[in-house]
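Peer 1: Structure below; questions to follow.
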Amino acid sequence: MKILASDYDGTLRTEELVAEKDIEAIARFRKAGNLFGIVTGRSMESLQKEIERNGFTYDFIITNNGGVIYDGDGNLLECMFMEYNHALDIISYIKTLDCVSFVINDGYHRYKFSVDKNQIDHKYGNMPDASDAEETILDRGKIAQLVVSLNDTILAEEIAHYINANFKGYATAFINVNCVDIVPHGVSKAEGLYYIEDHFGLDHDAIYAIGDSFNDLPMLEEFHGSTLSHARSVIKEQIGVVYDSVADCINEIMKEM
């Protein structure tokens, strides 16, 4: 049995919808007795809509960059939250930035708050601002992930460096496409996949992972990692194994069976 964990945005879904050849390859992979799962920076609320829209099947889901984990039936297995007061300090810092918006994730739902409406929000442009007041959401005390939407790669690097240096031991920042994902300390896609390995009692050497961005690197380096041809050169050079699609990756894995 083989296991494939795939990033979602930019990996499994590269266009408006997941390509039919990828959906068919996943079904064929699972029918052969293998396991397939999604590992994403998205919230479960957001990913669930994508699953319903695209109709692909899965055996596990890891959201929030590794902080929230579900089995194939959608049962919650694990959910990690940020230390509350440090999360508030990070939000105060975000509000000083030249960013577009930020999102608070409570472990399932996500809430958007605009910072500069004069900028185009490439990350959350189709998502309305939260209907609840920020204070109301924060008073619930559950902050599983913060996402900063921005249009400046250099600023993204500065934000990630600041968070990782000034909130070390409390939070970790990952650069993603048009955003910076901020999660509780110890959370990563690799750690989420290690949880799945233990939960299912899997053979570590049978686990494969594919992704296209910097937040994917932890799992790509810890497992049999591969990336996409459209990924940044530094990621392709670091990982070495490159495919044009998830379907191509699945086809190669199944050749080894």
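Each chain in the structure tokens gets a letter, A, B and so on, in the order shown; residues start at 1 in every chain, and ligands are counted from 1 in the order they appear.
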Please give the complete set of residues from segment 68-155 of chain A that DSSP, run on the backbone, assigns to strand (DSSP E), formatted as a list in words.
Peer 2: Val68, Ile69, Tyr70, Asp71, Leu76, Leu77, Glu78, Cys79, Ser101, Phe102, Val103, Ile104, Asn105, Arg110, Tyr111, Lys112, Phe113, Ser114, Gln145, Leu146, Val147, Val148 and Ser149 of chain A
Peer 1: Using only C-alpha atoms, which residues sit within 7 Å of segment 118-121 of chain A once same-chain residues fewer than 4 positions away are excluded, as an MDAnalysis selection string?
Peer 2: chainID A and resid 100 125 149
Peer 1: With N, CA and C atoms retained, write the just-selected residues as a short mmCIF file (atom, residue, chain, number, x, y, z; two decimals), in the first residue's frame.
Peer 2:
```
data_model
loop_
_atom_site.label_atom_id
_atom_site.label_comp_id
_atom_site.auth_asym_id
_atom_site.auth_seq_id
_atom_site.Cartn_x
_atom_site.Cartn_y
_atom_site.Cartn_z
N VAL A 100 -3.26 43.62 2.64
CA VAL A 100 -4.61 43.82 2.12
C VAL A 100 -5.66 43.45 3.16
N GLY A 125 -10.18 37.89 -2.42
CA GLY A 125 -11.02 38.87 -3.11
C GLY A 125 -12.48 38.48 -3.20
N SER A 149 -3.00 38.40 3.92
CA SER A 149 -3.08 38.53 2.46
C SER A 149 -2.34 39.78 2.03
#
```
Peer 1: With only C-alpha atoms as the basis for distance, which of A:Phe223, A:Tyr108, A:Tyr124, A:Tyr170 is at the shortest distance from Ala87 of chain A?
Peer 2: A:Tyr170
Peer 1: Could you please determine the separation between atom CA of Gly55 of chain A and atom CA of Arg13 of chain A in Å, to one decimal place?
Peer 2: 12.3 Å
Peer 1: Of the candidates A:Lys2, A:Asp248, A:Val18, A:Thr11, which one gets nearest to Arg30 of chain A if we count only C-alpha atoms?
Peer 2: A:Lys2
Peer 1: Name the closest residue to Asp132 of chain A among the candidates A:Arg110, A:Lys236, A:Lys117, A:Lys189; distances are taken between atoms, counting only C-alpha atoms.
Peer 2: A:Arg110
Peer 1: Within 6 Å of segment 133-146 of chain A, counting only C-alpha atoms, which residues qualify if same-chain residues fewer than 2 places away don't, as a list in words?
Peer 2: Phe81, Met82, Val103, Ile104, Asn105, Asp106, Gly107, Ile182 and Val183 of chain A
Peer 1: Write the residues of the preceding selection, restricted to C-alpha atoms, as a short mmCIF file (atom, residue, chain, number, x, y, z; two decimals), in the first residue's frame.
Peer 2:
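again.cif written:
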```
data_model
loop_
_atom_site.label_atom_id
_atom_site.label_comp_id
_atom_site.auth_asym_id
_atom_site.auth_seq_id
_atom_site.Cartn_x
_atom_site.Cartn_y
_atom_site.Cartn_z
CA PHE A 81 -4.72 26.48 18.81
CA MET A 82 -2.35 29.40 19.22
CA VAL A 103 -8.10 36.03 8.26
CA ILE A 104 -8.74 34.49 11.67
CA ASN A 105 -9.30 30.73 11.60
CA ASP A 106 -10.98 29.09 14.62
CA GLY A 107 -10.18 25.52 13.62
CA ILE A 182 0.80 31.83 10.80
CA VAL A 183 0.18 28.71 12.90
#
```
Peer 1: Residues near Arg53 of chain A, anyone? I mean within 12 Å using only C-alpha atoms, not counting same-chain ones fewer than 3 positions away, as an MDAnalysis selection string.
Peer 2: chainID A and resid 13 16:18 46:50 56:57
Peer 1: Residues near Tyr8 of chain A, anyone? I mean within 9 Å using only C-alpha atoms, not counting same-chain ones fewer than 6 positions away, as a list of chain:residue names.
Peer 2: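 Within the cut-off, the hits are A:Thr14, A:Ile38, A:Val39, A:Thr40, A:Gly41, A:Arg42, A:Leu47, A:Gly211.
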Peer 1: Export N, CA, C and O atoms of the chosen residues as a CSV table (one decimal), in the first residue's frame?
Peer 2:
```
chain,number,residue,atom,x,y,z
A,14,THR,N,-5.1,23.6,-10.0
A,14,THR,CA,-4.3,24.6,-10.6
A,14,THR,C,-5.1,25.6,-11.5
A,14,THR,O,-4.7,26.6,-11.9
A,38,ILE,N,-5.5,15.2,1.5
A,38,ILE,CA,-5.2,16.6,1.2
A,38,ILE,C,-4.5,17.2,2.4
A,38,ILE,O,-4.9,17.0,3.5
A,39,VAL,N,-3.4,17.9,2.1
A,39,VAL,CA,-2.7,18.7,3.2
A,39,VAL,C,-2.7,20.1,2.7
A,39,VAL,O,-2.0,20.4,1.8
A,40,THR,N,-3.4,21.0,3.4
A,40,THR,CA,-3.6,22.3,2.9
A,40,THR,C,-3.5,23.4,4.0
A,40,THR,O,-3.6,23.1,5.2
A,41,GLY,N,-3.3,24.6,3.6
A,41,GLY,CA,-3.3,25.8,4.5
A,41,GLY,C,-4.7,26.2,4.7
A,41,GLY,O,-5.0,27.1,5.6
A,42,ARG,N,-5.7,25.8,3.9
A,42,ARG,CA,-7.1,26.2,4.0
A,42,ARG,C,-7.7,25.7,5.3
A,42,ARG,O,-7.2,24.8,5.9
A,47,LEU,N,-12.2,24.1,2.5
A,47,LEU,CA,-11.9,22.9,1.7
A,47,LEU,C,-13.2,22.1,1.4
A,47,LEU,O,-13.3,21.5,0.3
A,211,GLY,N,3.7,19.0,-3.5
A,211,GLY,CA,3.2,20.4,-3.2
A,211,GLY,C,4.0,21.4,-4.1
A,211,GLY,O,5.0,21.0,-4.7
```
